[in-house]
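Below is model.tsv, which holds TSV, C-alpha atoms.
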```tsv
chain	number	residue	atom	x	y	z
A	20	MET	CA	87.43	95.84	149.25
A	21	ALA	CA	84.11	97.66	149.78
A	22	ILE	CA	83.04	95.12	152.40
A	23	ALA	CA	86.34	95.56	154.26
A	24	ALA	CA	85.91	99.35	154.12
A	25	SER	CA	82.36	99.14	155.54
A	26	LEU	CA	83.56	96.76	158.25
A	27	ILE	CA	86.39	99.12	159.22
A	28	ASP	CA	83.97	102.07	159.42
A	29	ILE	CA	81.78	100.16	161.86
A	30	VAL	CA	84.77	98.98	163.91
A	31	LYS	CA	86.05	102.56	164.21
A	32	GLU	CA	82.60	103.79	165.28
A	33	GLU	CA	82.28	101.10	167.94
A	34	MET	CA	85.81	101.73	169.25
A	35	ALA	CA	85.10	105.44	169.56
A	36	LYS	CA	81.85	104.69	171.38
A	37	HIS	CA	83.74	102.62	173.95
A	38	ASN	CA	86.86	104.80	174.15
A	39	ALA	CA	89.05	101.97	172.86
A	40	SER	CA	92.35	102.82	171.21
A	41	LYS	CA	93.78	99.47	170.14
A	42	LEU	CA	91.89	96.79	168.27
A	43	LEU	CA	92.77	93.19	169.12
A	44	MET	CA	90.19	91.02	167.39
A	45	VAL	CA	87.09	91.29	165.19
A	46	ARG	CA	84.64	88.50	164.57
A	47	VAL	CA	82.56	88.55	161.39
A	48	CYS	CA	79.81	86.00	160.73
A	49	TYR	CA	78.92	85.27	157.15
A	50	GLY	CA	76.36	82.99	155.60
A	51	LYS	CA	77.45	80.30	153.21
A	52	LEU	CA	75.14	81.75	150.55
A	53	THR	CA	76.79	85.17	150.51
A	54	ASN	CA	79.46	85.78	147.93
A	55	LEU	CA	82.03	86.49	150.59
A	56	VAL	CA	85.49	85.08	149.90
A	57	PRO	CA	87.11	84.85	153.36
A	58	GLU	CA	90.68	85.07	152.05
A	59	ALA	CA	89.83	88.18	150.02
A	60	LEU	CA	88.21	89.90	153.01
A	61	SER	CA	91.17	89.01	155.26
A	62	PHE	CA	93.60	90.42	152.73
A	63	ALA	CA	91.57	93.60	152.18
A	64	PHE	CA	91.20	94.08	155.94
A	65	GLU	CA	94.94	93.68	156.48
A	66	VAL	CA	95.80	96.14	153.72
A	67	GLN	CA	93.26	98.75	154.77
A	68	THR	CA	94.17	98.70	158.47
A	69	GLN	CA	97.90	99.18	157.97
A	70	GLN	CA	99.39	102.05	159.94
A	71	SER	CA	96.25	102.58	161.96
A	72	PRO	CA	95.15	101.59	165.51
A	73	LEU	CA	93.47	98.63	163.84
A	74	GLU	CA	96.70	97.23	162.42
A	75	GLY	CA	97.58	93.70	163.47
A	76	ALA	CA	94.10	92.88	164.79
A	77	GLU	CA	92.96	89.34	164.24
A	78	LEU	CA	89.99	88.96	161.88
A	79	GLU	CA	87.95	85.89	162.76
A	80	LEU	CA	85.53	84.73	160.09
A	81	LYS	CA	82.78	82.37	161.14
A	82	GLU	CA	80.69	80.68	158.48
A	83	ILE	CA	76.96	80.27	159.12
A	84	PRO	CA	75.57	77.13	157.50
A	85	VAL	CA	72.58	77.04	155.18
A	86	THR	CA	69.25	75.98	156.64
A	87	VAL	CA	66.10	75.82	154.55
A	88	THR	CA	62.42	74.99	154.76
A	89	CYS	CA	61.31	72.41	152.21
A	90	GLY	CA	59.16	73.91	149.46
A	91	GLU	CA	56.96	70.83	149.47
A	92	CYS	CA	56.45	69.63	153.06
A	93	SER	CA	57.87	72.57	155.10
A	94	THR	CA	60.42	70.42	156.94
A	95	GLU	CA	63.35	72.50	158.19
A	96	PHE	CA	66.74	71.01	157.39
A	97	THR	CA	70.43	71.68	156.83
A	98	PRO	CA	71.50	70.36	153.43
A	99	GLU	CA	74.27	67.79	153.49
A	100	GLY	CA	77.38	68.32	151.40
A	101	THR	CA	78.40	71.49	149.62
A	102	ASP	CA	76.22	71.35	146.54
A	103	LEU	CA	73.66	74.14	146.90
A	104	PHE	CA	71.70	72.81	143.95
A	105	CYS	CA	71.19	69.38	145.34
A	106	MET	CA	69.32	69.80	148.59
A	107	PRO	CA	66.98	66.83	148.88
A	108	CYS	CA	64.50	67.17	151.73
A	109	PRO	CA	65.19	64.40	154.29
A	110	SER	CA	61.46	63.96	154.69
A	111	CYS	CA	59.99	63.97	151.18
A	112	GLU	CA	63.11	64.13	148.95
A	113	ASN	CA	61.81	67.23	147.15
A	114	LEU	CA	64.65	69.21	145.53
A	115	PHE	CA	62.90	72.42	144.56
A	116	GLY	CA	61.59	75.67	145.92
A	117	HIS	CA	63.14	75.64	149.39
A	118	THR	CA	62.99	78.81	151.44
A	119	VAL	CA	66.35	79.88	152.83
A	120	LEU	CA	66.25	80.48	156.61
A	121	THR	CA	69.94	81.04	157.30
A	122	GLY	CA	73.00	81.38	155.12
A	123	LYS	CA	72.62	84.93	153.81
A	124	GLU	CA	73.95	86.81	156.86
A	125	LEU	CA	76.89	89.17	156.87
A	126	TYR	CA	77.45	90.91	160.18
A	127	LEU	CA	80.05	92.07	162.65
A	128	ASP	CA	79.43	89.96	165.74
A	129	HIS	CA	81.82	91.43	168.31
A	130	LEU	CA	85.24	92.88	168.74
A	131	GLU	CA	87.94	92.92	171.37
A	132	ALA	CA	89.84	96.11	172.02
A	133	GLU	CA	91.76	97.89	174.75
T	8	MET	CA	87.48	94.47	176.68
T	9	GLU	CA	84.96	92.62	174.59
T	10	ILE	CA	82.47	94.80	172.72
T	11	PRO	CA	79.36	93.01	171.46
T	12	VAL	CA	78.21	94.64	168.24
T	13	VAL	CA	76.01	92.53	165.91
T	14	ARG	CA	75.71	95.02	163.07
T	15	ASN	CA	75.10	94.30	159.43
T	16	ILE	CA	78.35	95.12	157.64
T	17	LEU	CA	76.52	96.60	154.68
T	18	GLU	CA	74.23	98.72	156.88
T	19	ALA	CA	75.53	102.02	155.52
T	20	ASN	CA	74.69	100.92	151.98
T	21	ASP	CA	71.36	99.42	153.01
T	22	LYS	CA	70.20	102.58	154.83
T	23	ILE	CA	70.77	104.67	151.71
T	24	ALA	CA	69.03	102.00	149.64
T	25	VAL	CA	65.94	102.30	151.85
T	26	ASN	CA	65.89	106.05	151.19
T	27	LEU	CA	66.22	105.38	147.47
T	28	LYS	CA	63.31	102.94	147.53
T	29	GLU	CA	61.12	105.57	149.21
T	30	LEU	CA	62.13	108.15	146.64
T	31	PHE	CA	61.43	105.79	143.72
T	32	ALA	CA	58.08	104.79	145.24
T	33	LYS	CA	57.10	108.44	145.66
T	34	HIS	CA	57.67	109.05	141.96
T	35	GLY	CA	56.24	105.67	140.88
T	36	ILE	CA	59.45	104.69	139.11
T	37	LEU	CA	60.10	101.04	138.39
T	38	VAL	CA	63.82	100.38	138.97
T	39	LEU	CA	65.66	97.39	137.56
T	40	ASN	CA	69.25	96.45	138.37
T	41	LEU	CA	70.80	94.52	135.46
T	42	ILE	CA	73.62	92.19	136.48
T	43	SER	CA	75.75	89.98	134.23
T	44	SER	CA	79.28	89.12	133.17
T	45	PRO	CA	81.01	91.62	130.89
T	46	GLY	CA	79.83	91.04	127.34
T	47	ALA	CA	76.60	89.16	128.07
T	48	GLY	CA	74.63	91.85	126.26
T	49	LYS	CA	73.24	94.20	128.92
T	50	THR	CA	73.81	97.24	126.74
T	51	SER	CA	72.36	95.55	123.66
T	52	ILE	CA	69.22	94.49	125.53
T	53	LEU	CA	68.90	98.04	126.82
T	54	GLU	CA	69.37	99.57	123.37
T	55	ARG	CA	66.58	97.38	122.01
T	56	THR	CA	64.28	97.94	124.99
T	57	LEU	CA	64.78	101.70	124.98
T	58	THR	CA	64.14	101.84	121.24
T	59	ASP	CA	61.20	99.45	121.02
T	60	LEU	CA	59.31	100.81	124.06
T	61	LYS	CA	60.11	104.50	123.69
T	62	ASP	CA	56.52	105.38	122.81
T	63	GLU	CA	55.19	103.51	125.84
T	64	PHE	CA	57.51	104.53	128.67
T	65	LYS	CA	59.79	107.34	129.67
T	66	MET	CA	63.00	105.47	130.40
T	67	ALA	CA	66.38	106.40	131.81
T	68	VAL	CA	69.62	104.55	132.48
T	69	ILE	CA	72.40	104.70	135.02
T	70	GLU	CA	75.47	103.11	133.47
T	71	GLY	CA	78.13	101.62	135.69
T	72	ASP	CA	81.55	100.85	134.28
T	73	CYS	CA	85.08	100.63	135.54
T	74	GLN	CA	86.26	103.00	132.82
T	75	THR	CA	84.96	104.77	129.68
T	76	ASP	CA	81.51	106.09	128.80
T	77	ASN	CA	81.15	103.83	125.74
T	78	ASP	CA	77.95	102.19	126.99
T	79	ALA	CA	76.37	105.46	128.09
T	80	ARG	CA	76.97	106.89	124.61
T	81	ARG	CA	75.42	103.82	122.98
T	82	VAL	CA	72.36	104.05	125.21
T	83	ALA	CA	72.03	107.83	124.75
T	84	GLU	CA	71.81	107.32	121.00
T	85	THR	CA	68.38	105.75	121.55
T	86	GLY	CA	67.19	109.09	122.90
T	87	ALA	CA	66.99	107.94	126.52
T	88	LYS	CA	68.66	109.92	129.24
T	89	ALA	CA	71.82	108.08	130.34
T	90	VAL	CA	74.19	108.96	133.15
T	91	GLN	CA	77.57	107.34	133.50
T	92	ILE	CA	79.15	106.30	136.78
T	93	ASN	CA	82.80	105.36	136.53
T	94	THR	CA	83.80	103.28	139.49
T	95	ASP	CA	87.55	103.74	138.91
T	96	GLY	CA	88.15	100.03	139.01
T	97	GLY	CA	85.44	99.25	141.58
T	98	CYS	CA	83.60	96.04	140.72
T	99	HIS	CA	80.01	97.08	141.55
T	100	LEU	CA	77.68	100.02	142.02
T	101	ASP	CA	76.34	100.92	145.45
T	102	SER	CA	73.43	102.96	146.79
T	103	ASN	CA	75.59	106.02	147.39
T	104	MET	CA	76.67	106.14	143.75
T	105	ILE	CA	73.05	105.83	142.62
T	106	THR	CA	72.03	108.69	144.91
T	107	ALA	CA	74.73	110.89	143.39
T	108	ALA	CA	73.72	109.97	139.84
T	109	LEU	CA	70.05	110.82	140.47
T	110	ALA	CA	70.93	114.52	140.70
T	111	ASN	CA	71.14	114.39	136.88
T	112	PHE	CA	67.57	113.20	136.35
T	113	ASP	CA	64.13	114.76	136.42
T	114	MET	CA	62.45	112.19	138.65
T	115	ASP	CA	58.96	113.25	137.57
T	116	ASN	CA	59.82	112.38	134.01
T	117	ILE	CA	60.80	108.71	134.40
T	118	ASP	CA	58.62	105.59	134.30
T	119	ILE	CA	61.39	103.00	134.29
T	120	LEU	CA	64.97	103.42	135.46
T	121	PHE	CA	67.52	100.81	134.43
T	122	ILE	CA	70.72	100.41	136.38
T	123	GLU	CA	73.33	98.72	134.23
T	124	ASN	CA	75.70	97.37	136.83
T	125	VAL	CA	79.42	96.75	136.32
T	126	GLY	CA	79.98	93.46	134.48
T	127	ASN	CA	80.51	91.04	137.36
T	128	LEU	CA	78.48	88.08	138.63
T	129	VAL	CA	79.61	88.32	142.24
T	130	CYS	CA	79.97	91.69	143.99
T	131	PRO	CA	76.94	93.59	142.57
T	132	VAL	CA	74.64	91.01	144.09
T	133	GLU	CA	75.45	92.08	147.66
T	134	PHE	CA	74.85	95.81	147.19
T	135	ASP	CA	71.24	96.96	147.19
T	136	CYS	CA	70.90	99.95	144.87
T	137	GLY	CA	67.30	100.64	145.85
T	138	GLU	CA	65.97	98.63	142.91
T	139	ASP	CA	62.64	96.83	142.75
T	140	PHE	CA	64.16	93.85	140.99
T	141	LYS	CA	67.53	92.44	140.08
T	142	ILE	CA	67.63	90.97	136.58
T	143	ALA	CA	70.26	88.33	135.84
T	144	LEU	CA	71.59	88.22	132.29
T	145	LEU	CA	73.42	85.21	130.96
T	146	SER	CA	74.53	84.71	127.36
T	147	VAL	CA	74.86	81.29	125.82
T	148	PRO	CA	78.58	81.51	124.85
T	149	GLU	CA	79.40	81.87	128.55
T	150	GLY	CA	78.43	78.28	129.35
T	151	ASP	CA	75.42	76.63	130.93
T	152	ASP	CA	77.12	76.14	134.31
T	153	LYS	CA	77.07	79.82	135.31
T	154	PRO	CA	74.01	79.46	137.59
T	155	GLU	CA	75.81	76.62	139.39
T	156	LYS	CA	78.97	78.64	139.80
T	157	TYR	CA	77.31	81.90	140.85
T	158	PRO	CA	74.16	80.83	142.69
T	159	ALA	CA	73.66	84.03	144.70
T	160	LEU	CA	72.84	86.14	141.63
T	161	PHE	CA	70.31	83.67	140.27
T	162	GLU	CA	68.79	83.15	143.70
T	163	LYS	CA	68.28	86.87	144.27
T	164	SER	CA	67.12	87.84	140.79
T	165	SER	CA	63.47	88.25	139.86
T	166	ALA	CA	63.94	87.34	136.20
T	167	MET	CA	66.65	85.86	134.04
T	168	ILE	CA	67.43	86.84	130.47
T	169	LEU	CA	69.20	84.13	128.51
T	170	ASN	CA	70.69	86.18	125.71
T	171	LYS	CA	72.38	85.51	122.35
T	172	CYS	CA	70.13	82.50	121.77
T	173	ASP	CA	70.72	82.84	118.01
T	174	LEU	CA	74.15	81.31	118.76
T	175	LEU	CA	72.72	78.11	120.26
T	176	PRO	CA	73.41	76.04	117.10
T	177	TYR	CA	77.08	76.99	117.31
T	178	VAL	CA	77.90	76.60	121.01
T	179	GLN	CA	77.57	73.77	123.49
T	180	PHE	CA	74.92	75.12	125.81
T	181	ASP	CA	72.22	73.05	127.46
T	182	VAL	CA	69.31	75.47	127.96
T	183	GLU	CA	67.40	73.08	130.21
T	184	ARG	CA	70.41	72.57	132.46
T	185	ALA	CA	70.95	76.33	132.88
T	186	LYS	CA	67.24	76.89	133.54
T	187	ARG	CA	67.03	73.96	135.94
T	188	PHE	CA	69.88	75.22	138.12
T	189	ALA	CA	68.80	78.85	137.91
T	190	THR	CA	65.32	78.00	139.10
T	191	GLN	CA	66.22	75.44	141.75
T	192	LEU	CA	66.89	78.14	144.33
T	193	ASN	CA	64.38	80.47	142.74
T	194	LYS	CA	61.41	78.42	141.68
T	195	ASP	CA	59.17	81.10	140.20
T	196	MET	CA	61.80	83.09	138.32
T	197	PRO	CA	60.80	83.61	134.68
T	198	VAL	CA	63.49	82.95	132.06
T	199	PHE	CA	63.39	84.90	128.78
T	200	GLN	CA	65.33	83.40	125.89
T	201	THR	CA	66.36	86.35	123.77
T	202	SER	CA	68.51	87.47	120.88
T	203	CYS	CA	69.06	91.10	120.01
T	204	THR	CA	70.15	90.00	116.54
T	205	THR	CA	66.97	88.12	115.60
T	206	SER	CA	64.61	89.82	118.15
T	207	GLU	CA	63.67	86.38	119.48
T	208	GLY	CA	62.03	86.50	122.90
T	209	LEU	CA	62.21	90.26	123.36
T	210	ASP	CA	58.42	90.49	123.36
T	211	THR	CA	58.18	88.23	126.46
T	212	TRP	CA	60.70	90.48	128.25
T	213	TYR	CA	58.70	93.57	127.25
T	214	GLU	CA	55.50	91.98	128.52
T	215	TRP	CA	57.15	91.28	131.88
T	216	LEU	CA	58.29	94.92	132.02
T	217	ARG	CA	54.76	96.15	131.32
T	218	THR	CA	53.34	93.98	134.09
T	219	ALA	CA	56.04	95.05	136.57
T	220	HIS	CA	55.52	98.71	135.72
T	221	ALA	CA	51.74	98.43	136.09
T	222	ALA	CA	52.19	96.73	139.49
T	223	LYS	CA	54.46	99.55	140.64
T	224	GLN	CA	51.77	102.11	139.84
T	225	LYS	CA	49.26	100.51	142.23
```
Would you mind writing the file's structure down as structure tokens?
Amino acid sequence: MAIAASLIDIVKEEMAKHNASKLLMVRVCYGKLTNLVPEALSFAFEVQTQQSPLEGAELELKEIPVTVTCGECSTEFTPEGTDLFCMPCPSCENLFGHTVLTGKELYLDHLEAE
Amino acid sequence: MEIPVVRNILEANDKIAVNLKELFAKHGILVLNLISSPGAGKTSILERTLTDLKDEFKMAVIEGDCQTDNDARRVAETGAKAVQINTDGGCHLDSNMITAALANFDMDNIDILFIENVGNLVCPVEFDCGEDFKIALLSVPEGDDKPEKYPALFEKSSAMILNKCDLLPYVQFDVERAKRFATQLNKDMPVFQTSCTTSEGLDTWYEWLRTAHAAKQK
């Protein structure tokens, strides 16, 4: 709910900046490593925009995949599969100590309004 | 019309957190954000820490709970200053709430400030409260798969307290498995195996606190 509220604050600010009165679409990008639950954000956004110029706008959620640098040989790679605890480096097969490059983002990318 | 934005959704929280960090740095206060499930033993660890180290450090606590001031009263009984934040059902603390709570403290009279977050392994992780370190607490009755299920907390924490270890003979909990998963995304994170009942492991936690506090003073 707090994330939806922060998102709505930013959307309202941007709409005011551009003299827009009706929101059509918002795109949010979120990293796979954030705790964001897309369904929960969509629901919270819908509830919190009711009876406002934002009501009915489409909320597009785009997931950003995880990319890491191997803790052993520094190879950059995108882990296969969904298991965040099993990320063998394609080069040296090391499993530990990777540095996360992408996958932690949470930002409002753009919106469409009239 | 299309309006390009690219703004961090939590920017309002993060801006306040930056101000908090500056304020804490100015006063040389070490700030720790304790995050766990409800019932893992955050309050018990705090009670012990506040009691055992009261001659070494001036300590204070911000207590976050959905309802009641039960924990704040328990902590206050140790003699430490405790301020309660009731979130009215909210599942985490944020930087704005911390800022408001600070009005109750004498900032020149605190060495270590503990933030006891709302019991929740998910939402508190995303909200920077201006802390130096997040501390993840896990208790053995909860199950050894918690780090697998909630990786973000264990990835972002600077230390992990594995609490209620006196119950290990009675529960199915594989310590090595929990440690292995907790440290796979966070290689250098220390893990303290503690029990507030037997005092096991508390000394290693205290030693870490001393080192962290000394580093903050530099």
Of the candidates T:Leu30, T:Leu175, T:Ala166, T:Ile92, which one gets nearest to T:Asp76 if we count all atoms listed in the file?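 Checking each of T:Leu30, T:Leu175, T:Ala166, T:Ile92 against T:Asp76, counting all atoms listed in the file, the winner is T:Ile92.
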Report as a tab-separated table: every residue of stretch 55-126 of chain A with an atom at most 10 Å from stretch 121-133 of chain T, its closest pair of atoms, and their distance in Å to one decimal, counting only C-alpha atoms, with rows sorted by chain and ascending residue number.
```
residue	atom	partner	partner_atom	distance
A:Leu55	CA	T:Cys130	CA	8.7
A:Lys123	CA	T:Glu133	CA	9.8
A:Leu125	CA	T:Glu133	CA	9.8
```
I need the residue nearest chain T from this list: A:Leu26, A:Cys92, A:Met20, A:Leu43. Use only C-alpha atoms for the distance.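 The answer is A:Leu26, which sits nearest to chain T.
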Identify all chain A residues at most 9 Å from chain T by counting all atoms listed in the file; ligands do not count. Present them as a PyMOL selection string. chain A and resi 20-23+25-26+29-30+33-34+37+39+47+52-55+102-105+114-119+124-133
One-decimal distance in Å that lies between atom CA of T:Ser102 and atom CA of A:Leu42: 29.0 Å
Find the residues around stretch 143-146 of chain T up to 7 Å (all atoms listed in the file counted), leave out those fewer than 5 positions away in its own chain, and share them as a ChimeraX atom specification. /T:41-43,47,160-161,164,166-171
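Atom pair atom CA of T:Ala87 / atom CA of T:Met104: separated by 19.8 Å.
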What is the distance between atom CA of T:Gly150 and atom CA of T:Tyr177, in Å to one decimal? 12.2 Å
Name all residues at most 12 Å from T:Ala83 (count all atoms listed in the file; drop same-chain ones fewer than 3 positions away) and give them as a VMD selection string. chain T and resid 50 53 to 54 57 to 58 66 to 70 76 to 80 86 to 91
